[in-house]
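One file, input-v5.cif, is given below (mmCIF, C-alpha atoms).
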data_target
#
loop_
_atom_site.label_atom_id
_atom_site.label_comp_id
_atom_site.auth_asym_id
_atom_site.auth_seq_id
_atom_site.Cartn_x
_atom_site.Cartn_y
_atom_site.Cartn_z
CA MET J 1 -167.69 6.73 43.50
CA THR J 2 -167.11 3.02 43.78
CA LYS J 3 -166.15 1.40 47.04
CA SER J 4 -162.52 1.06 45.98
CA SER J 5 -162.25 4.61 44.63
CA PRO J 6 -160.02 7.12 46.45
CA SER J 7 -161.34 10.05 48.46
CA ASP J 8 -158.39 12.40 48.98
CA VAL J 9 -157.06 13.99 45.78
CA LEU J 10 -153.86 15.31 47.36
CA GLN J 11 -153.05 11.95 48.90
CA GLN J 12 -153.60 10.25 45.55
CA ILE J 13 -151.22 12.70 43.89
CA GLU J 14 -148.54 11.66 46.37
CA ASN J 15 -149.30 7.98 45.80
CA HIS J 16 -149.17 8.19 41.99
CA TYR J 17 -146.73 11.03 41.41
CA ALA J 18 -143.83 8.86 40.24
CA SER J 19 -145.93 7.32 37.46
CA LEU J 20 -147.34 10.60 36.11
CA SER J 21 -146.26 12.00 32.75
CA PRO J 22 -144.55 15.43 32.61
CA SER J 23 -147.92 17.01 31.79
CA GLY J 24 -149.54 15.07 34.62
CA LYS J 25 -146.87 16.29 37.03
CA ALA J 26 -147.50 19.88 35.92
CA ILE J 27 -151.18 19.44 36.78
CA ALA J 28 -150.22 17.78 40.07
CA HIS J 29 -147.97 20.72 41.02
CA TYR J 30 -150.74 23.18 40.23
CA ILE J 31 -153.35 21.34 42.31
CA GLN J 32 -150.96 20.84 45.22
CA GLN J 33 -150.39 24.61 45.26
CA ASN J 34 -154.09 25.39 44.63
CA PRO J 35 -156.16 22.50 46.05
CA ILE J 36 -159.31 24.59 45.85
CA ALA J 37 -158.99 24.42 42.04
CA VAL J 38 -160.40 20.88 42.08
CA LEU J 39 -163.66 22.28 43.42
CA SER J 40 -163.79 25.75 41.93
CA GLN J 41 -162.33 25.33 38.44
CA SER J 42 -163.51 23.47 35.37
CA THR J 43 -161.45 20.91 33.49
CA SER J 44 -160.92 23.54 30.78
CA LEU J 45 -159.63 26.14 33.22
CA ILE J 46 -157.24 23.71 34.89
CA ALA J 47 -155.92 22.80 31.44
CA GLU J 48 -155.44 26.48 30.61
CA LYS J 49 -153.66 27.20 33.91
CA THR J 50 -151.28 24.27 33.45
CA GLY J 51 -150.65 24.61 29.71
CA THR J 52 -152.18 21.22 28.99
CA SER J 53 -155.40 20.03 27.35
CA LYS J 54 -158.82 18.99 28.66
CA ALA J 55 -158.06 15.43 27.62
CA THR J 56 -154.81 15.48 29.61
CA VAL J 57 -156.58 16.81 32.71
CA SER J 58 -159.27 14.13 32.40
CA ARG J 59 -156.59 11.47 31.99
CA PHE J 60 -154.77 12.87 35.04
CA PHE J 61 -157.78 12.31 37.31
CA ARG J 62 -158.26 8.81 35.92
CA GLN J 63 -154.64 8.05 36.71
CA LEU J 64 -155.34 9.05 40.32
CA GLY J 65 -158.12 6.48 40.45
CA PHE J 66 -161.16 8.68 39.82
CA ASP J 67 -163.63 8.13 37.00
CA SER J 68 -163.60 11.86 36.23
CA HIS J 69 -162.82 15.35 37.50
CA GLN J 70 -166.42 15.56 38.76
CA GLN J 71 -165.93 12.47 40.90
CA ALA J 72 -162.82 14.01 42.42
CA LYS J 73 -164.91 17.08 43.32
CA GLU J 74 -167.57 14.93 44.93
CA ALA J 75 -164.93 13.04 46.90
CA LEU J 76 -163.58 16.29 48.40
CA VAL J 77 -167.09 17.47 49.29
CA GLN J 78 -167.76 14.18 51.05
CA LEU J 79 -164.52 14.48 53.00
CA ARG J 80 -165.50 17.96 54.24
CA GLU J 81 -168.93 16.70 55.27
CA GLN J 82 -167.16 14.04 57.36
CA GLY J 83 -165.17 16.74 59.16
CA VAL J 84 -161.90 16.45 57.24
CA PRO J 85 -160.24 19.88 56.79
CA VAL J 86 -160.69 20.72 53.10
CA VAL J 87 -160.51 24.12 51.40
CA SER J 88 -163.68 25.03 49.51
CA PRO J 89 -164.73 27.87 47.19
CA SER J 90 -166.69 29.37 50.11
CA SER J 91 -163.75 29.37 52.54
CA GLY J 92 -163.63 33.15 52.44
CA VAL J 93 -166.86 33.46 54.44
CA LEU J 94 -166.25 35.44 57.65
CA GLN J 95 -165.97 33.12 60.63
CA HIS J 96 -168.34 35.10 62.82
CA GLU J 97 -171.04 34.87 60.15
CA ASN J 98 -170.66 31.10 60.07
CA ASP J 99 -170.69 30.90 63.88
CA SER J 100 -173.82 33.05 64.08
CA LYS J 101 -175.59 30.66 61.72
CA ASN J 102 -174.50 27.61 63.73
CA LEU J 103 -175.58 29.22 67.00
CA ALA J 104 -178.99 30.12 65.59
CA ASN J 105 -179.53 26.63 64.15
CA THR J 106 -178.47 25.01 67.42
CA PHE J 107 -180.66 27.01 69.77
CA ASP J 108 -183.63 27.18 67.41
CA SER J 109 -183.78 23.38 67.51
CA THR J 110 -183.14 23.04 71.26
CA SER J 111 -186.05 23.52 73.62
CA SER J 112 -185.63 25.38 76.89
CA GLU J 113 -187.38 22.44 78.58
CA ALA J 114 -184.67 20.05 77.38
CA LEU J 115 -181.92 22.32 78.72
CA THR J 116 -183.71 22.70 82.04
CA ASP J 117 -184.17 18.94 82.41
CA ILE J 118 -180.45 18.38 81.86
CA ALA J 119 -179.53 21.22 84.21
CA LYS J 120 -181.62 19.53 86.93
CA LEU J 121 -179.57 16.37 86.45
CA LEU J 122 -176.34 18.37 86.57
CA ALA J 123 -177.46 19.92 89.83
CA SER J 124 -178.66 16.75 91.55
CA ALA J 125 -176.42 13.89 90.34
CA GLY J 126 -174.14 12.29 92.90
CA GLN J 127 -171.26 12.61 90.44
CA VAL J 128 -170.96 14.17 86.98
CA THR J 129 -168.57 12.52 84.53
CA LEU J 130 -167.76 14.33 81.30
CA ILE J 131 -166.29 12.22 78.49
CA GLY J 132 -164.80 13.65 75.32
CA PHE J 133 -162.28 12.48 72.75
CA ARG J 134 -160.21 14.49 70.26
CA ASN J 135 -161.80 17.92 69.58
CA ALA J 136 -164.51 17.20 72.16
CA TYR J 137 -162.01 16.90 75.01
CA PRO J 138 -161.35 20.65 75.51
CA ILE J 139 -165.11 21.28 75.53
CA ALA J 140 -165.54 18.65 78.25
CA LEU J 141 -162.61 20.20 80.14
CA HIS J 142 -164.19 23.66 79.96
CA PHE J 143 -167.52 22.22 81.11
CA ARG J 144 -165.80 20.68 84.12
CA GLN J 145 -164.07 23.97 84.97
CA GLN J 146 -167.40 25.80 85.09
CA LEU J 147 -169.33 23.12 86.98
CA LYS J 148 -166.56 22.67 89.59
CA GLN J 149 -167.11 26.26 90.68
CA ILE J 150 -170.73 25.55 91.65
CA ARG J 151 -170.83 21.85 92.66
CA ALA J 152 -168.56 19.03 93.84
CA SER J 153 -167.73 15.69 92.22
CA VAL J 154 -167.17 16.64 88.59
CA ARG J 155 -164.52 14.89 86.52
CA VAL J 156 -163.32 14.59 82.94
CA LEU J 157 -162.41 11.36 81.16
CA PRO J 158 -160.21 10.03 79.75
CA GLN J 159 -157.42 11.23 81.99
CA PRO J 160 -154.23 11.99 80.02
CA GLY J 161 -152.32 8.80 79.31
CA GLN J 162 -154.93 6.62 81.00
CA THR J 163 -157.48 4.06 79.81
CA LEU J 164 -161.20 4.36 80.51
CA SER J 165 -162.17 0.96 81.88
CA GLU J 166 -160.94 1.54 85.45
CA ASP J 167 -163.09 4.67 85.75
CA ILE J 168 -166.19 3.50 83.89
CA ILE J 169 -166.46 0.39 86.08
CA ASP J 170 -167.14 2.60 89.11
CA LEU J 171 -170.11 4.44 87.57
CA THR J 172 -173.49 3.80 89.17
CA GLU J 173 -177.13 4.62 88.42
CA ASN J 174 -176.71 7.74 90.58
CA ASP J 175 -174.07 9.12 88.23
CA LEU J 176 -174.69 11.44 85.30
CA VAL J 177 -172.47 10.94 82.27
CA VAL J 178 -172.27 13.69 79.65
CA LEU J 179 -170.68 12.28 76.52
CA PHE J 180 -169.44 14.53 73.72
CA GLY J 181 -169.29 12.93 70.28
CA PHE J 182 -168.77 14.98 67.16
CA ARG J 183 -168.14 13.71 63.65
CA ARG J 184 -164.98 11.71 63.10
CA ARG J 185 -165.70 9.93 66.40
CA THR J 186 -163.20 7.40 67.68
CA ARG J 187 -163.84 3.67 67.45
CA GLN J 188 -164.17 3.64 71.26
CA PHE J 189 -167.28 5.79 71.12
CA LYS J 190 -169.83 2.98 70.61
CA PHE J 191 -168.21 0.85 73.30
CA VAL J 192 -168.35 3.72 75.78
CA LEU J 193 -172.05 4.19 75.03
CA ASN J 194 -172.73 0.52 75.72
CA SER J 195 -170.77 0.68 78.97
CA ILE J 196 -172.68 3.60 80.51
CA LYS J 197 -176.26 2.52 79.85
CA HIS J 198 -176.85 1.96 83.56
CA CYS J 199 -176.18 5.64 84.27
CA LYS J 200 -178.17 8.75 83.48
CA THR J 201 -176.74 9.85 80.13
CA VAL J 202 -176.59 12.97 77.98
CA LEU J 203 -175.06 13.03 74.51
CA ILE J 204 -173.95 16.35 73.01
CA THR J 205 -173.24 15.81 69.33
CA ASP J 206 -173.54 17.24 65.82
CA PRO J 207 -176.27 16.12 63.37
CA THR J 208 -174.28 13.00 62.43
CA GLY J 209 -174.73 11.65 65.97
CA GLN J 210 -178.53 11.65 65.92
CA GLY J 211 -178.47 7.92 65.22
CA TYR J 212 -177.51 7.39 68.86
CA ARG J 213 -180.70 9.04 70.14
CA HIS J 214 -182.10 5.79 71.54
CA ASP J 215 -178.84 4.94 73.32
CA VAL J 216 -178.99 7.87 75.75
CA ASP J 217 -181.52 9.58 78.01
CA HIS J 218 -181.01 13.04 76.55
CA LEU J 219 -179.60 14.18 73.20
CA LEU J 220 -178.53 17.72 72.31
CA VAL J 221 -177.63 18.45 68.69
CA THR J 222 -175.23 21.31 67.97
CA HIS J 223 -174.07 22.60 64.61
CA ILE J 224 -170.34 22.77 63.89
CA GLY J 225 -170.23 22.83 60.08
CA SER J 226 -168.20 25.47 58.29
CA ASP J 227 -167.28 26.45 54.76
CA SER J 228 -163.74 26.91 56.06
CA PRO J 229 -161.37 23.92 56.33
CA PHE J 230 -161.98 23.42 60.06
CA ASP J 231 -165.19 22.89 62.01
CA SER J 232 -166.29 25.55 64.49
CA TYR J 233 -167.11 24.65 68.08
CA ALA J 234 -168.69 27.97 69.05
CA ALA J 235 -172.16 26.42 69.30
CA PRO J 236 -171.19 23.51 71.59
CA MET J 237 -169.29 25.91 73.85
CA SER J 238 -172.30 28.23 74.00
CA LEU J 239 -174.56 25.29 74.82
CA VAL J 240 -172.23 24.31 77.67
CA ALA J 241 -172.35 27.88 78.98
CA SER J 242 -176.16 27.81 78.91
CA LEU J 243 -176.26 24.53 80.86
CA CYS J 244 -173.83 25.83 83.47
CA ASN J 245 -175.82 29.05 83.95
CA LEU J 246 -179.07 27.11 84.34
CA THR J 247 -177.41 24.76 86.83
CA TYR J 248 -176.14 27.73 88.84
CA GLU J 249 -179.68 29.13 89.00
CA LEU J 250 -181.09 25.80 90.17
CA LEU J 251 -178.45 25.37 92.88
CA GLY J 252 -179.02 28.91 94.11
CA SER J 253 -177.31 29.79 97.41
CA GLN J 254 -175.51 26.45 97.45
CA ALA J 255 -173.66 27.43 94.26
CA ALA J 256 -173.06 30.99 95.42
CA ASP J 257 -171.58 29.81 98.73
CA ARG J 258 -169.23 27.47 96.90
CA VAL J 259 -168.11 30.26 94.55
CA ASP J 260 -167.37 32.47 97.57
CA ALA J 261 -165.43 29.71 99.30
CA ILE J 262 -163.34 29.01 96.20
CA THR J 263 -162.68 32.74 95.77
CA ASP J 264 -161.39 32.94 99.35
CA ILE J 265 -158.97 30.08 98.69
CA TYR J 266 -157.80 31.78 95.48
CA ILE J 267 -156.90 34.78 97.61
CA GLN J 268 -155.22 32.76 100.36
CA MET J 269 -153.10 30.82 97.86
CA ASP J 270 -152.49 33.86 95.66
CA GLU J 271 -153.36 31.75 92.60
CA LEU J 272 -154.89 34.45 90.44
CA GLU J 273 -153.56 37.75 89.18
CA SER J 274 -154.80 40.68 91.26
CA PRO J 275 -157.23 42.97 89.37
CA LYS J 276 -155.19 45.89 90.75
CA ARG J 277 -152.07 44.82 88.84
#
File written out as structure tokens:
Amino acid sequence: MTKSSPSDVLQQIENHYASLSPSGKAIAHYIQQNPIAVLSQSTSLIAEKTGTSKATVSRFFRQLGFDSHQQAKEALVQLREQGVPVVSPSSGVLQHENDSKNLANTFDSTSSEALTDIAKLLASAGQVTLIGFRNAYPIALHFRQQLKQIRASVRVLPQPGQTLSEDIIDLTENDLVVLFGFRRRTRQFKFVLNSIKHCKTVLITDPTGQGYRHDVDHLLVTHIGSDSPFDSYAAPMSLVASLCNLTYELLGSQAADRVDAITDIYIQMDELESPKR
């Protein structure tokens, strides 16, 4: 695909719909209703389904800006690899089977020593700052919720509606920053990395973030790929759980005492549903 070629078939249909012939519009309607057909069906089968000819289908894709039907397929595959939700012929794979594969690939490539080293930092740092954008934000938020039960001074950035600069400027070499950065990262990501180099840093990412290995002290690679339209974050969440459990073990009685104190306050403030209800 050339640099100026399109990548999203459905978007190109919208852009060029008005200029399509009646046969072209019939093909457009079919693909809009069955987007998986671009990947799973041949030019001949699309022609048969739409009552047109192979030549008409080929011309249709050229009108959208692609050199061929095959190039349109490749464009959709590339989009999915970038994290864009795209239906594929394998989308019927059971989610738990996909998650099991991602979990195995993640932990098979992650050493227990690496997890322990990071847990030691989580236990000893003066302050832990967790930074996540887009889909990474809820993972960072969950991480904070677990860590706050066993240690003090844990925060999540960015705060809703706020910018980052005011908070990043206060970070010191005694701080630990855990940055989450999965594919389709924001443009801010590289600037954040450059701004936290004076801190102890951990990057939790997918395979596309391995290029940042030399920009952080520790890098953990998790697998989020899926044959379904959306990525799965089961592996990153499991990795977070592992780090929190290891940190709890390292903190020992200090963590247990904090858990007990928080539980007492839960009871005093009647914040949680009673197990007797």
Set the distance at 9 Å and use all atoms listed in the file: which residues neighbour Met237 in chain J once local chain neighbours fewer than 5 positions away are removed? I'd like the list as a count of residues only.
4
Select, from J:Arg134, J:Lys101, J:Lys148, J:His29, the residue with the minimum atom-to-atom distance to Phe189 in chain J, counting all atoms listed in the file.
J:Arg134
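Relative to CA of Ser100 in chain J, CA of Gln210 in chain J is found at 22.0 Å.
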Evaluating the PyMOL selection byres ((chain J and resi 245-261) around 10) on the displayed file yields which residues, as a PyMOL selection string?
chain J and resi 115-124+146-152+239-244+262-266
Selection to disk with C-alpha atoms, as an mmCIF file, in the frame of the given file:
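Result written to out20.cif:
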data_model
loop_
_atom_site.group_PDB
_atom_site.id
_atom_site.type_symbol
_atom_site.label_atom_id
_atom_site.label_comp_id
_atom_site.auth_asym_id
_atom_site.auth_seq_id
_atom_site.Cartn_x
_atom_site.Cartn_y
_atom_site.Cartn_z
ATOM 1 C CA LEU J 115 -181.920 22.320 78.720
ATOM 2 C CA THR J 116 -183.710 22.700 82.040
ATOM 3 C CA ASP J 117 -184.170 18.940 82.410
ATOM 4 C CA ILE J 118 -180.450 18.380 81.860
ATOM 5 C CA ALA J 119 -179.530 21.220 84.210
ATOM 6 C CA LYS J 120 -181.620 19.530 86.930
ATOM 7 C CA LEU J 121 -179.570 16.370 86.450
ATOM 8 C CA LEU J 122 -176.340 18.370 86.570
ATOM 9 C CA ALA J 123 -177.460 19.920 89.830
ATOM 10 C CA SER J 124 -178.660 16.750 91.550
ATOM 11 C CA GLN J 146 -167.400 25.800 85.090
ATOM 12 C CA LEU J 147 -169.330 23.120 86.980
ATOM 13 C CA LYS J 148 -166.560 22.670 89.590
ATOM 14 C CA GLN J 149 -167.110 26.260 90.680
ATOM 15 C CA ILE J 150 -170.730 25.550 91.650
ATOM 16 C CA ARG J 151 -170.830 21.850 92.660
ATOM 17 C CA ALA J 152 -168.560 19.030 93.840
ATOM 18 C CA LEU J 239 -174.560 25.290 74.820
ATOM 19 C CA VAL J 240 -172.230 24.310 77.670
ATOM 20 C CA ALA J 241 -172.350 27.880 78.980
ATOM 21 C CA SER J 242 -176.160 27.810 78.910
ATOM 22 C CA LEU J 243 -176.260 24.530 80.860
ATOM 23 C CA CYS J 244 -173.830 25.830 83.470
ATOM 24 C CA ILE J 262 -163.340 29.010 96.200
ATOM 25 C CA THR J 263 -162.680 32.740 95.770
ATOM 26 C CA ASP J 264 -161.390 32.940 99.350
ATOM 27 C CA ILE J 265 -158.970 30.080 98.690
ATOM 28 C CA TYR J 266 -157.800 31.780 95.480
#
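CA of Ile131 in chain J to CA of Gly225 in chain J spans 21.6 Å [interatomic distance, one decimal].
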If the PyMOL selection byres ((chain J and resi 38) around 10) is run on the structure shown, which residues does it catch, given as JSON, numbers by chain?
{"J": [9, 31, 32, 34, 35, 36, 37, 39, 40, 41, 42, 43, 46, 69, 70, 72, 73, 74, 76, 87, 88, 89]}
What is the CA of Asn98 in chain J to CA of Ser238 in chain J distance in Å?
14.3 Å
Written as a PDB file with C-alpha atoms, keeping the file's coordinate frame, what is the full residue list that the PyMOL selection byres ((chain J and resi 154-166) around 10) yields on the file shown?
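Output saved as expr.pdb:
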ATOM      1  CA  LEU J 122    -176.340  18.370  86.570  1.00  0.00           C
ATOM      2  CA  ALA J 125    -176.420  13.890  90.340  1.00  0.00           C
ATOM      3  CA  GLY J 126    -174.140  12.290  92.900  1.00  0.00           C
ATOM      4  CA  GLN J 127    -171.260  12.610  90.440  1.00  0.00           C
ATOM      5  CA  VAL J 128    -170.960  14.170  86.980  1.00  0.00           C
ATOM      6  CA  THR J 129    -168.570  12.520  84.530  1.00  0.00           C
ATOM      7  CA  LEU J 130    -167.760  14.330  81.300  1.00  0.00           C
ATOM      8  CA  ILE J 131    -166.290  12.220  78.490  1.00  0.00           C
ATOM      9  CA  GLY J 132    -164.800  13.650  75.320  1.00  0.00           C
ATOM     10  CA  PHE J 133    -162.280  12.480  72.750  1.00  0.00           C
ATOM     11  CA  TYR J 137    -162.010  16.900  75.010  1.00  0.00           C
ATOM     12  CA  PRO J 138    -161.350  20.650  75.510  1.00  0.00           C
ATOM     13  CA  ALA J 140    -165.540  18.650  78.250  1.00  0.00           C
ATOM     14  CA  LEU J 141    -162.610  20.200  80.140  1.00  0.00           C
ATOM     15  CA  HIS J 142    -164.190  23.660  79.960  1.00  0.00           C
ATOM     16  CA  PHE J 143    -167.520  22.220  81.110  1.00  0.00           C
ATOM     17  CA  ARG J 144    -165.800  20.680  84.120  1.00  0.00           C
ATOM     18  CA  GLN J 145    -164.070  23.970  84.970  1.00  0.00           C
ATOM     19  CA  GLN J 146    -167.400  25.800  85.090  1.00  0.00           C
ATOM     20  CA  LEU J 147    -169.330  23.120  86.980  1.00  0.00           C
ATOM     21  CA  LYS J 148    -166.560  22.670  89.590  1.00  0.00           C
ATOM     22  CA  GLN J 149    -167.110  26.260  90.680  1.00  0.00           C
ATOM     23  CA  ARG J 151    -170.830  21.850  92.660  1.00  0.00           C
ATOM     24  CA  ALA J 152    -168.560  19.030  93.840  1.00  0.00           C
ATOM     25  CA  SER J 153    -167.730  15.690  92.220  1.00  0.00           C
ATOM     26  CA  ASP J 167    -163.090   4.670  85.750  1.00  0.00           C
ATOM     27  CA  ILE J 168    -166.190   3.500  83.890  1.00  0.00           C
ATOM     28  CA  ILE J 169    -166.460   0.390  86.080  1.00  0.00           C
ATOM     29  CA  ASP J 170    -167.140   2.600  89.110  1.00  0.00           C
ATOM     30  CA  LEU J 171    -170.110   4.440  87.570  1.00  0.00           C
ATOM     31  CA  LEU J 176    -174.690  11.440  85.300  1.00  0.00           C
ATOM     32  CA  VAL J 177    -172.470  10.940  82.270  1.00  0.00           C
ATOM     33  CA  VAL J 178    -172.270  13.690  79.650  1.00  0.00           C
ATOM     34  CA  LEU J 179    -170.680  12.280  76.520  1.00  0.00           C
ATOM     35  CA  GLN J 188    -164.170   3.640  71.260  1.00  0.00           C
ATOM     36  CA  VAL J 192    -168.350   3.720  75.780  1.00  0.00           C
ATOM     37  CA  SER J 195    -170.770   0.680  78.970  1.00  0.00           C
TER      38      SER J 195
END
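Of the residues under consideration (J:Leu220, J:Ile196, J:Leu20, J:Ala114), J:Leu20 shows the shortest atom-to-atom contact distance to Gln63 in chain J when counting all atoms listed in the file.
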Can you pull out every residue within 9 Å of Leu103 in chain J, counting all atoms listed in the file, but drop anything in the same chain fewer than 5 positions away, and send it as a list of chain:residue names?
J:Asn98, J:Asp108, J:Thr222, J:His223, J:Ile224, J:Ala234, J:Ala235, J:Pro236, J:Ser238, J:Leu239
Take the residues just selected and output them with C-alpha atoms as a compact mmCIF listing (two decimals), in the frame of the given file.
# COMPACT_ATOMS: atom_id res chain seq x y z
CA ASN J 98 -170.66 31.10 60.07
CA ASP J 108 -183.63 27.18 67.41
CA THR J 222 -175.23 21.31 67.97
CA HIS J 223 -174.07 22.60 64.61
CA ILE J 224 -170.34 22.77 63.89
CA ALA J 234 -168.69 27.97 69.05
CA ALA J 235 -172.16 26.42 69.30
CA PRO J 236 -171.19 23.51 71.59
CA SER J 238 -172.30 28.23 74.00
CA LEU J 239 -174.56 25.29 74.82
